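S.K.: Got model.cif for you, mmCIF, C-alpha atoms:
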```
data_start
loop_
_atom_site.label_atom_id
_atom_site.label_comp_id
_atom_site.auth_asym_id
_atom_site.auth_seq_id
_atom_site.Cartn_x
_atom_site.Cartn_y
_atom_site.Cartn_z
CA MET A 1 75.62 147.84 72.25
CA THR A 2 78.79 145.83 72.86
CA SER A 3 81.92 147.55 71.73
CA ALA A 4 83.86 145.83 68.96
CA THR A 5 87.04 146.61 70.89
CA ALA A 6 85.95 144.84 74.09
CA THR A 7 88.84 142.94 75.60
CA PRO A 8 88.77 139.17 76.16
CA THR A 9 88.96 139.84 79.89
CA SER A 10 85.88 142.02 79.87
CA GLY A 11 84.04 139.34 77.91
CA ARG A 12 84.97 136.74 80.48
CA ASP A 13 83.85 139.03 83.28
CA ALA A 14 80.45 139.28 81.62
CA VAL A 15 80.18 135.50 81.17
CA ALA A 16 81.27 134.51 84.70
CA PRO A 17 78.03 135.50 86.52
CA ARG A 18 75.96 133.53 84.02
CA LEU A 19 78.12 130.46 84.57
CA ALA A 20 77.89 130.75 88.35
CA GLU A 21 74.11 130.33 88.15
CA HIS A 22 74.63 126.75 86.95
CA THR A 23 77.46 125.60 89.21
CA ARG A 24 75.24 123.53 91.54
CA LEU A 25 73.48 121.75 88.70
CA LEU A 26 76.68 121.00 86.80
CA TRP A 27 78.46 119.75 89.90
CA GLY A 28 75.55 117.44 90.68
CA VAL A 29 75.53 116.05 87.15
CA CYS A 30 79.31 115.54 87.12
CA TYR A 31 79.41 113.91 90.55
CA ARG A 32 76.73 111.40 89.62
CA MET A 33 78.43 110.84 86.28
CA THR A 34 81.83 110.04 87.81
CA GLY A 35 81.19 109.11 91.44
CA SER A 36 84.08 111.41 92.35
CA ALA A 37 83.84 114.81 94.04
CA ALA A 38 87.35 115.77 92.94
CA ASP A 39 86.56 114.81 89.33
CA ALA A 40 83.30 116.76 89.52
CA ASP A 41 85.26 119.83 90.63
CA ASP A 42 87.66 119.40 87.71
CA LEU A 43 84.88 118.84 85.16
CA VAL A 44 82.94 121.92 86.23
CA GLN A 45 86.12 124.00 86.03
CA GLU A 46 86.93 122.63 82.57
CA THR A 47 83.36 123.30 81.41
CA PHE A 48 83.64 126.93 82.52
CA VAL A 49 87.03 127.31 80.85
CA ARG A 50 85.54 126.10 77.57
CA ALA A 51 82.57 128.42 77.98
CA MET A 52 84.88 131.39 78.41
CA GLU A 53 87.27 130.44 75.62
CA ARG A 54 84.74 129.07 73.12
CA PRO A 55 81.24 130.15 74.20
CA PRO A 56 78.13 128.93 72.37
CA ALA A 57 77.34 130.63 69.08
CA ARG A 58 74.06 132.07 70.41
CA THR A 59 74.95 133.60 73.77
CA ASP A 60 71.45 135.04 74.06
CA ASP A 61 70.00 131.51 74.28
CA PRO A 62 69.75 129.75 77.68
CA TRP A 63 73.18 128.50 78.72
CA ARG A 64 72.06 125.48 80.75
CA PRO A 65 71.58 122.99 77.84
CA TRP A 66 74.94 123.92 76.33
CA LEU A 67 76.78 123.67 79.66
CA VAL A 68 75.22 120.30 80.50
CA ARG A 69 76.17 119.01 77.05
CA VAL A 70 79.80 120.05 77.50
CA ALA A 71 80.01 118.68 81.06
CA LEU A 72 78.49 115.33 80.11
CA ASN A 73 80.80 114.87 77.15
CA LEU A 74 83.79 115.67 79.34
CA GLY A 75 82.45 113.22 81.92
CA ARG A 76 82.03 110.46 79.36
CA ASP A 77 85.62 110.98 78.20
CA LEU A 78 86.85 110.85 81.79
CA LEU A 79 85.01 107.57 82.44
CA ARG A 80 86.51 106.01 79.31
CA ARG A 81 90.01 107.03 80.41
CA ARG A 82 89.41 105.78 83.93
CA ARG A 83 88.33 102.37 82.72
CA ARG A 84 91.42 102.03 80.56
CA ARG A 85 93.74 102.69 83.51
CA ALA A 86 94.69 100.04 86.03
CA TYR A 87 93.39 100.74 89.53
CA VAL A 88 95.01 99.27 92.62
CA GLY A 89 92.38 97.32 94.54
CA PRO A 90 88.60 97.87 94.47
CA TRP A 91 87.22 101.22 93.34
CA LEU A 92 84.63 102.97 95.52
CA PRO A 93 82.78 106.27 94.99
CA ALA A 94 84.01 109.35 96.83
CA PRO A 95 81.74 110.28 99.76
CA ILE A 96 80.11 113.69 100.00
CA GLU A 97 78.46 115.35 102.97
CA THR A 98 74.71 115.63 102.59
CA GLY A 99 73.74 116.94 106.00
CA ASP A 100 70.25 116.64 107.41
CA GLU A 101 68.56 117.83 104.24
CA ALA A 102 66.24 116.49 101.59
CA SER A 103 68.93 117.01 98.97
CA PRO A 104 72.70 117.31 99.32
CA PRO A 105 74.69 120.53 99.09
CA SER A 106 76.15 121.46 95.71
CA VAL A 107 73.18 119.73 94.08
CA GLU A 108 69.96 121.34 92.89
CA SER A 109 67.37 121.27 95.64
CA ASP A 110 64.36 121.20 93.32
CA SER A 111 62.53 117.90 93.36
CA THR A 112 62.23 115.90 90.16
CA GLU A 113 59.59 113.66 88.70
CA GLY A 114 62.24 111.13 87.70
CA ARG A 115 62.54 107.50 88.59
CA TYR A 116 65.08 108.28 91.34
CA ASP A 117 65.10 111.38 93.52
CA LEU A 118 68.15 113.57 94.04
CA LEU A 119 69.22 112.15 97.39
CA GLU A 120 68.81 108.52 96.38
CA SER A 121 70.86 109.19 93.26
CA VAL A 122 73.91 110.12 95.35
CA SER A 123 73.50 107.14 97.68
CA TYR A 124 76.43 104.73 97.71
CA ALA A 125 74.32 101.83 96.52
CA PHE A 126 73.11 103.83 93.52
CA LEU A 127 76.58 105.11 92.59
CA VAL A 128 78.04 101.61 92.85
CA ALA A 129 75.25 100.25 90.65
CA LEU A 130 75.99 102.92 88.03
CA GLU A 131 79.50 101.49 87.61
CA ALA A 132 77.99 98.57 85.67
CA LEU A 133 76.81 100.95 82.93
CA THR A 134 78.69 102.21 79.91
CA PRO A 135 79.44 105.97 79.92
CA LEU A 136 76.59 106.59 77.46
CA GLN A 137 74.14 104.44 79.43
CA ARG A 138 75.09 106.26 82.60
CA ALA A 139 74.56 109.68 81.03
CA VAL A 140 71.20 108.70 79.52
CA LEU A 141 69.94 107.14 82.76
CA LEU A 142 70.92 110.20 84.79
CA LEU A 143 69.30 112.67 82.42
CA ARG A 144 66.09 110.69 81.96
CA ASP A 145 65.59 109.06 85.38
CA VAL A 146 67.18 111.56 87.77
CA PHE A 147 67.08 114.99 86.13
CA ASP A 148 63.82 114.29 84.28
CA TYR A 149 65.01 115.30 80.80
CA THR A 150 62.74 114.45 77.90
CA VAL A 151 63.91 112.03 75.21
CA ALA A 152 64.46 114.97 72.85
CA GLU A 153 66.44 116.96 75.45
CA THR A 154 68.57 113.92 76.25
CA ALA A 155 69.30 113.27 72.58
CA ASP A 156 70.32 116.90 72.09
CA ALA A 157 72.56 116.89 75.18
CA LEU A 158 74.40 113.74 74.14
CA GLY A 159 74.45 114.21 70.37
CA VAL A 160 72.58 110.98 69.62
CA THR A 161 69.25 110.15 68.04
CA GLU A 162 66.03 109.84 70.03
CA ALA A 163 65.83 106.18 69.03
CA ASN A 164 69.31 105.67 70.46
CA VAL A 165 68.25 107.33 73.71
CA LYS A 166 65.28 104.97 74.07
CA THR A 167 67.37 101.86 73.32
CA THR A 168 70.19 102.93 75.61
CA LEU A 169 67.82 103.75 78.48
CA HIS A 170 66.16 100.33 78.13
CA ARG A 171 69.55 98.61 78.40
CA ALA A 172 70.64 100.82 81.31
CA ARG A 173 67.45 100.10 83.26
CA ARG A 174 67.91 96.39 82.64
CA ARG A 175 71.42 96.58 84.15
CA MET A 176 70.00 98.49 87.14
CA ALA A 177 67.40 95.77 87.81
CA GLY A 178 69.41 94.31 90.70
CA TYR A 179 69.57 97.69 92.39
CA ASP A 180 65.88 98.34 91.75
CA ARG A 181 64.88 95.10 93.49
CA ALA A 182 66.44 96.34 96.75
CA ARG A 183 66.53 100.09 96.37
CA THR A 184 68.42 102.05 99.02
CA ILE A 185 66.29 105.11 99.72
CA PRO A 186 67.78 107.17 102.59
CA THR A 187 64.68 107.33 104.78
CA ARG A 188 64.77 108.52 108.39
CA ASP A 189 64.20 104.93 109.54
CA LEU A 190 67.13 103.64 107.50
CA GLN A 191 69.33 106.46 108.78
CA ARG A 192 68.49 105.46 112.38
CA ARG A 193 69.25 101.79 111.73
CA VAL A 194 72.58 102.54 110.06
CA ARG A 195 73.61 104.95 112.81
CA GLY A 196 72.74 102.39 115.49
CA ALA A 197 74.71 99.67 113.70
CA LEU A 198 77.76 101.90 113.30
CA GLU A 199 77.70 102.98 116.95
CA ARG A 200 77.52 99.37 118.16
CA PHE A 201 80.24 98.36 115.70
CA VAL A 202 82.59 101.10 116.94
CA LEU A 203 82.01 100.19 120.58
CA ALA A 204 82.73 96.52 119.86
CA LEU A 205 85.91 97.43 117.99
CA ALA A 206 87.07 99.73 120.79
CA ALA A 207 86.52 96.90 123.29
CA ALA A 208 88.29 94.40 120.98
CA ASP A 209 85.23 92.19 121.46
CA LEU A 210 85.44 89.80 118.51
CA PRO A 211 82.23 87.84 119.30
CA ALA A 212 80.30 91.12 119.56
CA ILE A 213 81.70 92.26 116.20
CA GLU A 214 80.70 88.99 114.57
CA SER A 215 77.17 89.20 116.00
CA MET A 216 76.56 92.49 114.18
CA LEU A 217 77.47 91.14 110.75
CA SER A 218 75.31 89.18 108.34
CA GLU A 219 76.55 85.76 107.28
CA SER A 220 77.44 87.01 103.78
CA VAL A 221 78.75 90.45 104.78
CA ARG A 222 81.15 92.00 102.28
CA ALA A 223 83.96 94.43 103.19
CA VAL A 224 85.59 96.59 100.52
CA SER A 225 88.55 98.94 101.08
CA ASP A 226 89.68 101.66 98.67
CA GLY A 227 93.22 102.89 99.28
CA ALA A 228 93.94 103.51 95.57
CA GLY A 229 97.45 102.16 96.11
CA GLU A 230 98.20 105.12 98.36
CA PHE A 231 97.65 103.29 101.66
CA HIS A 232 97.57 99.71 102.91
CA ALA A 233 94.18 98.22 102.08
CA ALA A 234 92.69 94.88 101.11
CA ARG A 235 93.28 94.36 97.39
CA VAL A 236 90.14 92.22 97.01
CA PRO A 237 86.76 92.28 98.78
CA ILE A 238 86.57 90.25 102.00
CA VAL A 239 83.44 88.13 102.29
CA GLY A 240 81.90 86.30 105.25
CA ARG A 241 81.13 87.13 108.87
CA ILE A 242 84.22 85.59 110.47
CA ARG A 243 86.71 86.91 107.90
CA VAL A 244 85.29 90.45 107.94
CA ALA A 245 85.15 90.53 111.74
CA ARG A 246 88.74 89.37 112.10
CA PHE A 247 89.94 91.78 109.40
CA HIS A 248 88.59 94.83 111.24
CA TRP A 249 89.53 93.44 114.65
CA ASN A 250 93.15 92.99 113.54
CA ILE A 251 93.32 96.50 112.08
CA THR A 252 91.95 97.98 115.30
CA ARG A 253 94.46 96.10 117.44
CA ARG A 254 97.34 97.20 115.20
CA ARG A 255 96.42 100.86 114.89
CA MET A 256 94.51 101.77 118.03
CA VAL A 257 96.82 100.52 120.77
CA GLY A 258 98.10 103.46 122.77
CA VAL A 259 96.41 106.13 120.63
CA SER A 260 93.15 108.02 120.88
CA PRO A 261 91.64 108.64 117.44
CA SER A 262 88.77 111.05 116.97
CA ALA A 263 85.62 109.62 115.41
CA ASP A 264 82.51 111.38 114.21
CA ILE A 265 79.34 110.02 112.62
CA ARG A 266 77.91 112.32 109.95
CA LEU A 267 75.52 111.94 107.02
CA LEU A 268 77.46 111.09 103.89
CA ASN A 269 75.56 110.31 100.69
CA GLY A 270 72.31 110.32 102.63
CA LEU A 271 73.29 107.83 105.34
CA PRO A 272 75.39 107.96 108.53
CA ALA A 273 79.06 107.15 108.10
CA LEU A 274 82.04 107.14 110.43
CA ILE A 275 84.83 109.67 109.86
CA VAL A 276 88.03 108.74 111.70
CA GLU A 277 91.06 110.97 112.31
CA MET A 278 94.19 109.22 113.59
CA PRO A 279 96.72 111.14 115.69
CA ASP A 280 99.61 109.40 113.96
CA GLY A 281 100.69 109.23 110.36
CA LEU A 282 102.34 105.83 110.13
CA ARG A 283 103.92 105.06 106.80
CA GLY A 284 101.46 103.40 104.48
CA GLU A 285 98.54 103.97 106.84
CA ALA A 286 95.74 106.47 106.24
CA LYS A 287 95.60 109.18 108.87
CA ARG A 288 92.03 109.98 107.88
CA PHE A 289 89.39 107.63 106.52
CA VAL A 290 85.67 106.96 106.23
CA ILE A 291 83.83 103.77 107.11
CA ARG A 292 80.26 103.34 105.96
CA ALA A 293 77.80 100.46 106.27
CA ASP A 294 74.74 98.99 104.63
CA VAL A 295 72.32 97.16 106.90
CA ASP A 296 69.47 94.70 106.47
CA GLY A 297 65.99 94.93 107.95
CA ASP A 298 67.22 93.51 111.26
CA GLY A 299 70.01 96.06 111.56
CA ARG A 300 72.80 93.60 110.73
CA ILE A 301 75.63 94.94 108.60
CA VAL A 302 75.64 93.47 105.08
CA ALA A 303 78.40 95.66 103.63
CA LEU A 304 81.29 97.69 105.01
CA HIS A 305 83.10 100.23 102.85
CA SER A 306 86.39 101.81 103.94
CA ILE A 307 87.49 104.83 101.91
CA LEU A 308 91.10 105.76 102.61
CA ALA A 309 92.47 107.44 99.46
CA THR A 310 93.18 111.13 100.04
CA ARG A 311 91.63 112.27 96.75
CA LYS A 312 88.43 110.39 97.58
CA LEU A 313 87.93 112.45 100.76
CA SER A 314 88.21 115.92 99.21
CA ALA A 315 84.51 116.68 99.85
CA VAL A 316 84.51 115.53 103.48
CA SER A 317 85.46 118.37 105.82
#
```
Kindly transcribe the structure held in the file into structure tokens.

M.R.:
Amino acid sequence: MTSATATPTSGRDAVAPRLAEHTRLLWGVCYRMTGSAADADDLVQETFVRAMERPPARTDDPWRPWLVRVALNLGRDLLRRRRRRAYVGPWLPAPIETGDEASPPSVESDSTEGRYDLLESVSYAFLVALEALTPLQRAVLLLRDVFDYTVAETADALGVTEANVKTTLHRARRRMAGYDRARTIPTRDLQRRVRGALERFVLALAAADLPAIESMLSESVRAVSDGAGEFHAARVPIVGRIRVARFHWNITRRRMVGVSPSADIRLLNGLPALIVEMPDGLRGEAKRFVIRADVDGDGRIVALHSILATRKLSAVS
């Protein structure tokens, strides 16, 4: 029997192991909810703080539903605040390392019967598509179509009616229709094509071969840079083969002359991406950044994303 004089510290010590069992799940939910590894870290920590300070009334019941409910509500609040704040330049999701696995680290490895599997649901294309949803739509879609919650479980987690869940999911799926028409599933074949495109792109940049760079890009290629106001970056997306090629060619000429950066291609969000470490730390220039690409069926690059903001790279070792 628990002593009536148990100290708060001893109570927290008893709760901590039960919370640790759910860290991977909660982090996966929070990352998909926010598209930010740093925010996911913060949300999981805040969820655990609330569990220790104000635990559920029935501590003998399973903790998972209660913890997911708290984390999702915190995530919805964070999204609302984020959308009210001005952001310098385009916003991109934070990359995470997924390794050569069927599901990424810090995410449950169990498969789901949902509409999207766990690896696809951390792909860049999926996370970018989620940005078109309201916070409630995003939460409903993730619970129903990724984590395979029932309508009743979703309603309980979000504090809404089952009818509201069904209506919200219908609207969320309608907004995801564009993504669904060209789904980005990180297959082995796609990983090979992306890796090949990135390797050729890097070689062309290193050789300052502008025609070669242009030949690798689709006519309507789109380049987006996220420096979050911390580093020099394009404030608007750059569109078109010639403009995108010249943009990256000019950056390479400015930053690479006389220096030897280190570059490594690793699987981030299910697909190969380039991680660059510069030997210098020029004012206003990112010393460390990630470049990732989307390719078409012919291996041409249709999108280039450059993630420079320090906070965005917290999950990339």

S.K.: Would you mind listing what lies within 10 Å of range 240-246 of chain A as a count of residues only, with all atoms listed in the file counted and same-chain residues fewer than 5 positions away left out?

M.R.: 23

S.K.: To one decimal in Å, tell me the separation between CA of Val316 in chain A and CA of Ala20 in chain A.

M.R.: 22.5 Å

S.K.: Give me the residues near Leu268 in chain A as a list in words, where near means some atom within 8 Å (using all atoms listed in the file) and where sequence neighbours in that chain fewer than 2 positions away do not count.

M.R.: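 So the residues in contact are Pro95, Ile96, Glu97, Thr98, Gly99, Arg266, Gly270, Leu271, Pro272 and Ala273 of chain A.
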
S.K.: Applying the PyMOL selection byres ((chain A and resi 291) around 9) to the file I just gave you, which residues come out? Please list them as a PDB file with C-alpha atoms, in the frame of the given file.

M.R.:
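And here is the file that came out, part_4.pdb:
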```pdb
ATOM      1  CA  LEU A 198      77.760 101.900 113.300  1.00  0.00           C
ATOM      2  CA  ALA A 273      79.060 107.150 108.100  1.00  0.00           C
ATOM      3  CA  LEU A 274      82.040 107.140 110.430  1.00  0.00           C
ATOM      4  CA  ILE A 275      84.830 109.670 109.860  1.00  0.00           C
ATOM      5  CA  VAL A 276      88.030 108.740 111.700  1.00  0.00           C
ATOM      6  CA  PHE A 289      89.390 107.630 106.520  1.00  0.00           C
ATOM      7  CA  VAL A 290      85.670 106.960 106.230  1.00  0.00           C
ATOM      8  CA  ARG A 292      80.260 103.340 105.960  1.00  0.00           C
ATOM      9  CA  ALA A 293      77.800 100.460 106.270  1.00  0.00           C
ATOM     10  CA  LEU A 304      81.290  97.690 105.010  1.00  0.00           C
ATOM     11  CA  HIS A 305      83.100 100.230 102.850  1.00  0.00           C
ATOM     12  CA  SER A 306      86.390 101.810 103.940  1.00  0.00           C
ATOM     13  CA  ILE A 307      87.490 104.830 101.910  1.00  0.00           C
ATOM     14  CA  LEU A 308      91.100 105.760 102.610  1.00  0.00           C
TER      15      LEU A 308
END
```

S.K.: Hey, which of A:Ala207, A:Leu136, A:Leu127, A:Val239 ends up closest to Arg76 in chain A? Count only C-alpha atoms.

M.R.: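 Checking each of A:Ala207, A:Leu136, A:Leu127, A:Val239 against Arg76 in chain A, counting only C-alpha atoms, the winner is A:Leu136.
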
S.K.: To one decimal place in Å, what is the distance between CA of Val122 in chain A and CA of Arg195 in chain A?

M.R.: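 These atoms are spaced 18.2 Å apart.
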
S.K.: With 9 Å as the threshold, what does the neighbourhood of (78.7, 104.0, 83.6) contain in terms of residues, counting all atoms listed in the file? Coordinates are those of the file; answer as a list in words.

M.R.: Met33, Thr34, Arg76, Leu79, Ala129, Leu130, Glu131, Ala132, Leu133, Thr134, Pro135, Leu136, Gln137, Arg138, Ala139 and Ala172 of chain A

S.K.: I need the output of the PyMOL selection byres ((chain A and resi 255) around 12) for this file as a ChimeraX atom specification; which residues are they?

M.R.: /A:205-206,248-254,256-261,276-287

S.K.: Would you mind listing, for every residue of range 149-237 of chain A within 9 Å of range 114-121 of chain A, the two atoms forming the shortest contact and the distance between them in Å to one decimal, using all atoms listed in the file, sorted by chain and ascending residue number, as JSON lines?

M.R.:
```
{"residue": "A:Tyr149", "atom": "CA", "partner": "A:Gly114", "partner_atom": "CA", "distance": 8.5}
{"residue": "A:Arg183", "atom": "CA", "partner": "A:Glu120", "partner_atom": "CA", "distance": 8.7}
{"residue": "A:Thr184", "atom": "CA", "partner": "A:Glu120", "partner_atom": "CA", "distance": 7.0}
{"residue": "A:Ile185", "atom": "CA", "partner": "A:Glu120", "partner_atom": "CA", "distance": 5.4}
{"residue": "A:Pro186", "atom": "CA", "partner": "A:Glu120", "partner_atom": "CA", "distance": 6.4}
```

S.K.: Of the candidates A:Ala94, A:Val140, A:Ile265, A:Ala155, which shows the shortest atom-to-atom distance to Gly227 in chain A, using all atoms listed in the file?

M.R.: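 Using all atoms listed in the file, Gly227 in chain A sits closest to A:Ala94.
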
S.K.: What is the CA of Ala38 in chain A-CA of Ser314 in chain A distance in Å, reported with one decimal?

M.R.: 6.3 Å
